[in-house]
file target_1.tsv (TSV, C-alpha atoms)
chain	number	residue	atom	x	y	z
A	1	MET	CA	-11.59	-12.61	13.35
A	2	LYS	CA	-9.63	-10.12	15.35
A	3	LYS	CA	-7.51	-8.52	12.65
A	4	PHE	CA	-9.30	-5.97	10.51
A	5	SER	CA	-7.69	-7.05	7.25
A	6	VAL	CA	-9.86	-7.08	4.15
A	7	LEU	CA	-7.59	-9.58	2.45
A	8	ALA	CA	-7.94	-11.89	5.44
A	9	ILE	CA	-11.72	-11.62	5.22
A	10	ALA	CA	-11.59	-12.29	1.49
A	11	ALA	CA	-9.37	-15.31	2.02
A	12	ILE	CA	-11.74	-16.79	4.57
A	13	LEU	CA	-14.75	-16.17	2.35
A	14	PHE	CA	-13.09	-18.20	-0.38
A	15	ALA	CA	-12.03	-20.99	1.98
A	16	ALA	CA	-15.07	-23.12	1.22
A	17	CYS	CA	-15.00	-22.57	-2.54
A	18	GLY	CA	-16.40	-25.28	-4.73
A	19	GLY	CA	-18.17	-25.77	-8.04
A	20	GLN	CA	-20.72	-27.84	-9.86
A	21	LYS	CA	-20.47	-30.55	-12.48
A	22	ASN	CA	-22.16	-30.02	-15.82
A	23	ALA	CA	-24.76	-32.77	-15.99
A	24	GLN	CA	-25.24	-32.26	-19.72
A	25	ASN	CA	-21.82	-33.71	-20.63
A	26	ALA	CA	-21.36	-37.30	-21.70
A	27	GLU	CA	-20.64	-39.75	-18.88
A	28	SER	CA	-16.96	-40.32	-19.76
A	29	ALA	CA	-16.24	-36.63	-20.26
A	30	ASP	CA	-18.11	-35.78	-17.07
A	31	SER	CA	-16.01	-38.27	-15.13
A	32	LEU	CA	-12.79	-36.70	-16.42
A	33	LYS	CA	-14.00	-33.19	-15.73
A	34	SER	CA	-15.09	-34.19	-12.26
A	35	PHE	CA	-11.54	-35.33	-11.47
A	36	GLU	CA	-10.04	-32.18	-12.98
A	37	GLN	CA	-12.52	-30.01	-11.10
A	38	GLN	CA	-11.59	-31.69	-7.82
A	39	GLN	CA	-7.93	-30.90	-8.49
A	40	ILE	CA	-8.74	-27.24	-9.17
A	41	GLU	CA	-10.82	-26.98	-6.01
A	42	ALA	CA	-8.10	-28.68	-3.97
A	43	SER	CA	-5.61	-26.13	-5.28
A	44	ILE	CA	-7.91	-23.25	-4.34
A	45	LYS	CA	-8.38	-24.55	-0.81
A	46	MET	CA	-4.65	-25.15	-0.33
A	47	HIS	CA	-3.72	-21.63	-1.41
A	48	ILE	CA	-6.52	-20.07	0.65
A	49	ASP	CA	-5.35	-21.94	3.75
A	50	SER	CA	-1.85	-20.61	3.09
A	51	ILE	CA	-3.09	-17.02	2.70
A	52	ALA	CA	-5.00	-17.23	5.97
A	53	ALA	CA	-1.91	-18.65	7.71
A	54	ASP	CA	0.34	-15.92	6.29
A	55	LEU	CA	-2.04	-13.15	7.31
A	56	GLY	CA	-2.39	-14.64	10.76
A	57	LYS	CA	1.32	-13.98	11.34
A	58	LEU	CA	1.05	-10.25	10.67
A	59	LYS	CA	0.98	-7.62	13.37
A	60	GLN	CA	-2.35	-6.08	14.23
A	61	LEU	CA	-3.22	-2.95	12.31
A	62	PRO	CA	-2.35	0.21	14.28
A	63	PHE	CA	-5.87	1.64	14.10
A	64	VAL	CA	-7.54	-1.51	15.44
A	65	GLN	CA	-8.11	-2.45	19.07
A	66	GLU	CA	-9.29	-5.70	20.60
A	67	ASN	CA	-12.28	-5.37	22.87
A	68	ASN	CA	-14.05	-8.18	24.71
A	69	GLY	CA	-13.13	-10.74	22.09
A	70	GLY	CA	-14.02	-8.45	19.19
A	71	ILE	CA	-12.43	-5.50	17.45
A	72	THR	CA	-12.99	-1.76	17.51
A	73	LEU	CA	-11.29	1.16	15.81
A	74	THR	CA	-9.26	3.74	17.65
A	75	LYS	CA	-10.93	7.02	18.53
A	76	GLU	CA	-8.73	8.84	16.03
A	77	GLU	CA	-9.63	6.45	13.21
A	78	LYS	CA	-13.36	6.82	13.83
A	79	GLN	CA	-13.18	10.59	13.47
A	80	VAL	CA	-12.91	10.41	9.66
A	81	LYS	CA	-15.86	8.49	8.28
A	82	PRO	CA	-15.45	6.58	5.00
A	83	ASP	CA	-17.28	8.19	2.08
A	84	TYR	CA	-16.68	5.36	-0.39
A	85	LEU	CA	-19.10	2.73	0.91
A	86	LEU	CA	-22.04	1.56	-1.17
A	87	PRO	CA	-25.29	3.25	-0.19
A	88	ALA	CA	-28.01	0.93	1.04
A	89	SER	CA	-30.12	2.09	-1.91
A	90	ALA	CA	-27.81	0.08	-4.20
A	91	ALA	CA	-30.00	-2.89	-3.34
A	92	GLU	CA	-32.79	-1.36	-5.43
A	93	GLU	CA	-30.68	-1.68	-8.59
A	94	ALA	CA	-30.43	-5.48	-8.35
A	95	THR	CA	-32.91	-7.28	-10.58
A	96	THR	CA	-31.58	-10.78	-11.28
A	97	LEU	CA	-31.03	-13.38	-8.59
A	98	ALA	CA	-27.25	-13.33	-9.12
A	99	GLU	CA	-27.20	-9.54	-8.79
A	100	LYS	CA	-29.14	-9.74	-5.53
A	101	TYR	CA	-26.67	-12.23	-4.08
A	102	ARG	CA	-23.75	-9.99	-5.06
A	103	ILE	CA	-25.30	-6.78	-3.73
A	104	LEU	CA	-26.21	-8.60	-0.51
A	105	SER	CA	-22.60	-9.68	-0.05
A	106	ALA	CA	-21.15	-6.23	-0.79
A	107	LEU	CA	-23.63	-4.48	1.49
A	108	ASN	CA	-22.76	-6.91	4.28
A	109	VAL	CA	-19.10	-5.94	3.93
A	110	ASP	CA	-19.88	-2.22	3.96
A	111	ARG	CA	-22.37	-2.58	6.80
A	112	LYS	CA	-19.63	-4.12	8.98
A	113	ILE	CA	-17.26	-1.28	8.10
A	114	ALA	CA	-19.92	1.35	8.77
A	115	ALA	CA	-20.61	-0.20	12.18
A	116	LEU	CA	-16.90	-0.11	13.06
A	117	TYR	CA	-16.86	3.60	12.28
A	118	GLU	CA	-20.05	4.04	14.37
A	119	MET	CA	-22.03	5.20	11.35
A	120	PRO	CA	-25.80	4.62	11.06
A	121	VAL	CA	-26.58	1.11	9.81
A	122	GLU	CA	-30.38	1.07	9.93
A	123	ASP	CA	-30.73	1.53	6.16
A	124	TYR	CA	-28.22	-1.25	5.56
A	125	ASP	CA	-30.19	-3.54	7.86
A	126	LYS	CA	-33.43	-2.82	6.03
A	127	ALA	CA	-31.87	-3.34	2.60
A	128	ILE	CA	-30.13	-6.56	3.66
A	129	THR	CA	-33.32	-7.92	5.23
A	130	LYS	CA	-35.28	-7.21	2.04
A	131	LEU	CA	-32.61	-8.82	-0.16
A	132	ILE	CA	-32.61	-11.94	2.00
A	133	ALA	CA	-36.39	-12.12	1.70
A	134	ASP	CA	-36.27	-11.60	-2.07
A	135	ILE	CA	-33.57	-14.23	-2.54
A	136	ASN	CA	-35.44	-16.69	-0.31
A	137	ASP	CA	-32.48	-19.03	0.09
A	138	PRO	CA	-33.10	-21.59	2.88
A	139	SER	CA	-29.32	-21.89	3.21
A	140	PHE	CA	-29.19	-18.58	5.12
A	141	LYS	CA	-30.98	-20.20	8.05
A	142	ALA	CA	-27.92	-22.37	8.65
A	143	ILE	CA	-25.74	-19.44	9.71
A	144	ASP	CA	-27.93	-17.91	12.39
A	145	ASP	CA	-25.79	-19.35	15.18
A	146	ALA	CA	-22.36	-19.11	13.54
A	147	ASN	CA	-19.88	-17.32	15.79
A	148	THR	CA	-17.11	-16.44	13.36
A	149	VAL	CA	-16.67	-15.47	9.73
A	150	PHE	CA	-14.91	-18.78	9.02
A	151	GLU	CA	-17.70	-20.87	10.54
A	152	THR	CA	-20.28	-18.80	8.73
A	153	SER	CA	-18.69	-19.21	5.30
A	154	THR	CA	-18.07	-22.93	5.73
A	155	THR	CA	-21.54	-23.58	7.10
A	156	LEU	CA	-23.10	-21.41	4.40
A	157	TYR	CA	-21.25	-23.18	1.60
A	158	ASP	CA	-22.32	-26.60	2.91
A	159	ALA	CA	-25.94	-25.47	3.20
A	160	MET	CA	-25.97	-23.92	-0.27
A	161	ASP	CA	-24.49	-27.12	-1.68
A	162	GLU	CA	-27.21	-29.16	0.01
A	163	ASN	CA	-29.95	-26.81	-1.20
A	164	GLY	CA	-28.75	-26.70	-4.80
A	165	ARG	CA	-27.60	-23.07	-4.56
A	166	VAL	CA	-23.85	-23.60	-4.42
A	167	ASN	CA	-23.31	-21.80	-7.74
A	168	PHE	CA	-24.49	-18.62	-6.05
A	169	PHE	CA	-21.84	-19.00	-3.36
A	170	TRP	CA	-19.39	-17.81	-6.02
A	171	GLN	CA	-21.46	-14.67	-6.48
A	172	LEU	CA	-21.32	-13.95	-2.75
A	173	ALA	CA	-17.60	-14.62	-2.42
A	174	ALA	CA	-16.57	-12.70	-5.54
A	175	ALA	CA	-18.55	-9.62	-4.57
A	176	ALA	CA	-17.05	-9.67	-1.09
A	177	LEU	CA	-13.52	-10.03	-2.46
A	178	VAL	CA	-13.88	-7.13	-4.87
A	179	GLU	CA	-15.58	-4.89	-2.32
A	180	GLU	CA	-12.84	-5.58	0.21
A	181	LEU	CA	-10.07	-4.91	-2.32
A	182	TYR	CA	-11.88	-1.69	-3.22
A	183	VAL	CA	-11.94	-0.64	0.43
A	184	MET	CA	-8.31	-1.58	0.86
A	185	ASN	CA	-7.37	0.55	-2.11
A	186	GLN	CA	-8.87	3.57	-0.38
A	187	ASN	CA	-6.52	3.03	2.57
A	188	THR	CA	-3.45	1.40	1.04
A	189	ASP	CA	-0.83	2.80	3.41
A	190	LYS	CA	-2.85	1.84	6.47
A	191	PHE	CA	-3.58	-1.72	5.38
A	192	LEU	CA	-0.08	-2.46	4.11
A	193	SER	CA	1.62	-1.06	7.21
A	194	THR	CA	1.83	-4.52	8.82
A	195	PHE	CA	2.89	-6.42	5.69
A	196	THR	CA	6.40	-7.66	5.02
A	197	ASP	CA	7.83	-8.19	1.54
A	198	GLU	CA	7.58	-11.94	2.04
A	199	ALA	CA	3.91	-11.74	3.07
A	200	VAL	CA	3.04	-9.56	0.09
A	201	SER	CA	4.80	-11.93	-2.30
A	202	ASP	CA	3.11	-15.02	-0.87
A	203	VAL	CA	-0.39	-13.51	-0.71
A	204	THR	CA	-0.45	-11.93	-4.16
A	205	PHE	CA	1.01	-15.05	-5.78
A	206	ARG	CA	-1.72	-17.16	-4.26
A	207	ILE	CA	-4.41	-14.67	-5.28
A	208	VAL	CA	-3.26	-14.95	-8.90
A	209	VAL	CA	-3.37	-18.75	-8.66
A	210	ILE	CA	-6.87	-18.63	-7.19
A	211	LEU	CA	-8.14	-16.27	-9.89
A	212	ASP	CA	-6.72	-18.58	-12.55
A	213	ALA	CA	-8.48	-21.53	-10.93
A	214	ILE	CA	-11.78	-19.66	-10.86
A	215	ASN	CA	-11.37	-18.93	-14.55
A	216	ARG	CA	-10.78	-22.63	-15.28
A	217	LEU	CA	-13.89	-23.55	-13.30
A	218	THR	CA	-16.02	-21.77	-15.92
A	219	GLU	CA	-15.68	-24.97	-17.95
A	220	TYR	CA	-17.90	-26.69	-15.41
A	221	ASP	CA	-20.39	-23.97	-14.51
A	222	ALA	CA	-21.40	-21.26	-16.98
A	223	ASP	CA	-22.82	-19.11	-14.16
A	224	ILE	CA	-19.27	-18.54	-12.89
A	225	LYS	CA	-18.15	-16.96	-16.18
A	226	PRO	CA	-19.31	-13.38	-15.38
A	227	VAL	CA	-17.54	-13.66	-12.02
A	228	ALA	CA	-14.31	-14.86	-13.63
A	229	GLU	CA	-14.47	-12.08	-16.23
A	230	ALA	CA	-14.95	-9.44	-13.54
A	231	LEU	CA	-12.07	-10.75	-11.43
A	232	ALA	CA	-9.62	-11.41	-14.29
A	233	PRO	CA	-8.12	-7.87	-14.34
A	234	LEU	CA	-7.06	-8.34	-10.71
A	235	GLU	CA	-4.35	-10.74	-11.87
A	236	VAL	CA	-2.09	-7.68	-12.16
A	237	LEU	CA	-1.62	-7.91	-8.38
A	238	ASN	CA	1.54	-10.03	-8.33
A	239	ALA	CA	3.90	-7.97	-6.19
A	240	THR	CA	7.07	-9.23	-4.52
A	241	SER	CA	7.50	-6.32	-2.10
A	242	VAL	CA	5.40	-3.87	-0.10
A	243	ALA	CA	6.55	-0.98	-2.29
A	244	GLU	CA	5.60	-2.89	-5.43
A	245	MET	CA	2.23	-3.79	-3.94
A	246	LYS	CA	1.49	-0.12	-3.24
A	247	ALA	CA	2.36	0.74	-6.83
A	248	GLN	CA	0.29	-2.10	-8.25
A	249	LEU	CA	-2.75	-1.19	-6.18
A	250	ALA	CA	-2.48	2.38	-7.42
A	251	GLU	CA	-2.17	1.21	-11.02
A	252	ALA	CA	-5.01	-1.27	-10.58
A	253	LYS	CA	-7.40	1.27	-9.08
A	254	ASP	CA	-9.44	1.62	-12.27
A	255	LYS	CA	-9.49	-2.16	-12.76
A	256	ILE	CA	-10.74	-2.73	-9.22
A	257	ASN	CA	-13.39	-0.05	-9.70
A	258	ALA	CA	-14.42	-1.66	-13.00
A	259	ALA	CA	-14.64	-5.11	-11.38
A	260	ARG	CA	-16.80	-3.63	-8.64
A	261	LYS	CA	-19.15	-2.05	-11.16
A	262	ALA	CA	-19.30	-5.25	-13.23
A	263	LEU	CA	-20.28	-7.36	-10.25
A	264	LEU	CA	-22.65	-4.89	-8.62
A	265	LYS	CA	-24.47	-3.59	-11.69
call {"tool": "encode", "arguments": {"input": "target_1.tsv", "output": "structure tokens"}}
result
Amino acid sequence: MKKFSVLAIAAILFAACGGQKNAQNAESADSLKSFEQQQIEASIKMHIDSIAADLGKLKQLPFVQENNGGITLTKEEKQVKPDYLLPASAAEEATTLAEKYRILSALNVDRKIAALYEMPVEDYDKAITKLIADINDPSFKAIDDANTVFETSTTLYDAMDENGRVNFFWQLAAAALVEELYVMNQNTDKFLSTFTDEAVSDVTFRIVVILDAINRLTEYDADIKPVAEALAPLEVLNATSVAEMKAQLAEAKDKINAARKALLK
């Protein structure tokens, strides 16, 4: 991905979203829920595709430069290092498997940002390597050769589905979404500088629809419930203009922080 847009990254991470059926339900009820679940998932994918398409039309952020097929930050941007990233030591606080997946995802986001700002990433690398070893998910082997974020997320989802770990894909995606929104809220003016009113309206509407769909998926997988509860307050982001989006992000700052803490505790 060439554009350094956290919402674009979040959209792509959700592009392969799916869920699980509850095998404990009666056969007839399970059949009905399976159909309903497919409709919810189809809606998620449709809206995510639309978000990615909308963001792809935006101008490149002014502090980002393309370099040999990748992206770098301008010299001026790199002079002020972000002080809001998670420390690598946050990995030590994760105890449950779900927490380790979420911390892994958030640290991956912050590690990428730290690298763009030419900050030391050795501690991130060590923490991420240890988390991967602790989680011991064979699905991670499938993404070794992925070249883009989109290919990685799609390949990872398919592998996690095959290995019976697809419910944890939600943990990864939710943590990434919240961490990216948190980062965006530290730099609102910069990130919204390329948005139009139409783009803001389309993107935030689809985010609300996606969050609602995630909430409805809790009927089929209890493990998604904590994720849905953490993301629910973000439904306040339903702006129809850039000015309104700036105001909503400011008003939602505490909610985004609370969602971050809920997912990364």
call {"tool": "closest_residue", "arguments": {"input": "target_1.tsv", "among": "A:Lys112, A:Lys130, A:Arg260, A:Arg216", "to": "Leu177 (chain A)", "atoms": "only C-alpha atoms"}}
result
A:Arg260
call {"tool": "atom_distance", "arguments": {"input": "target_1.tsv", "atom1": "CA of Glu99 (chain A)", "atom2": "CA of Leu217 (chain A)"}}
result
19.8 Å
call {"tool": "atom_distance", "arguments": {"input": "target_1.tsv", "atom1": "CA of Gln186 (chain A)", "atom2": "CA of Ala91 (chain A)"}}
result
22.3 Å
call {"tool": "residues_around", "arguments": {"input": "target_1.tsv", "residues": "Tyr117 (chain A)", "least_positions_apart": "2", "cutoff": "12 Å", "atoms": "only C-alpha atoms", "output": "list in words"}}
result
Phe63, Val64, Ile71, Thr72, Leu73, Thr74, Lys75, Glu76, Glu77, Lys78, Gln79, Val80, Lys81, Pro82, Asp83, Leu85, Asp110, Arg111, Lys112, Ile113, Ala114, Ala115, Met119, Pro120 and Val121 of chain A
call {"tool": "atom_distance", "arguments": {"input": "target_1.tsv", "atom1": "CA of Leu131 (chain A)", "atom2": "CA of Ala106 (chain A)"}}
result
11.8 Å
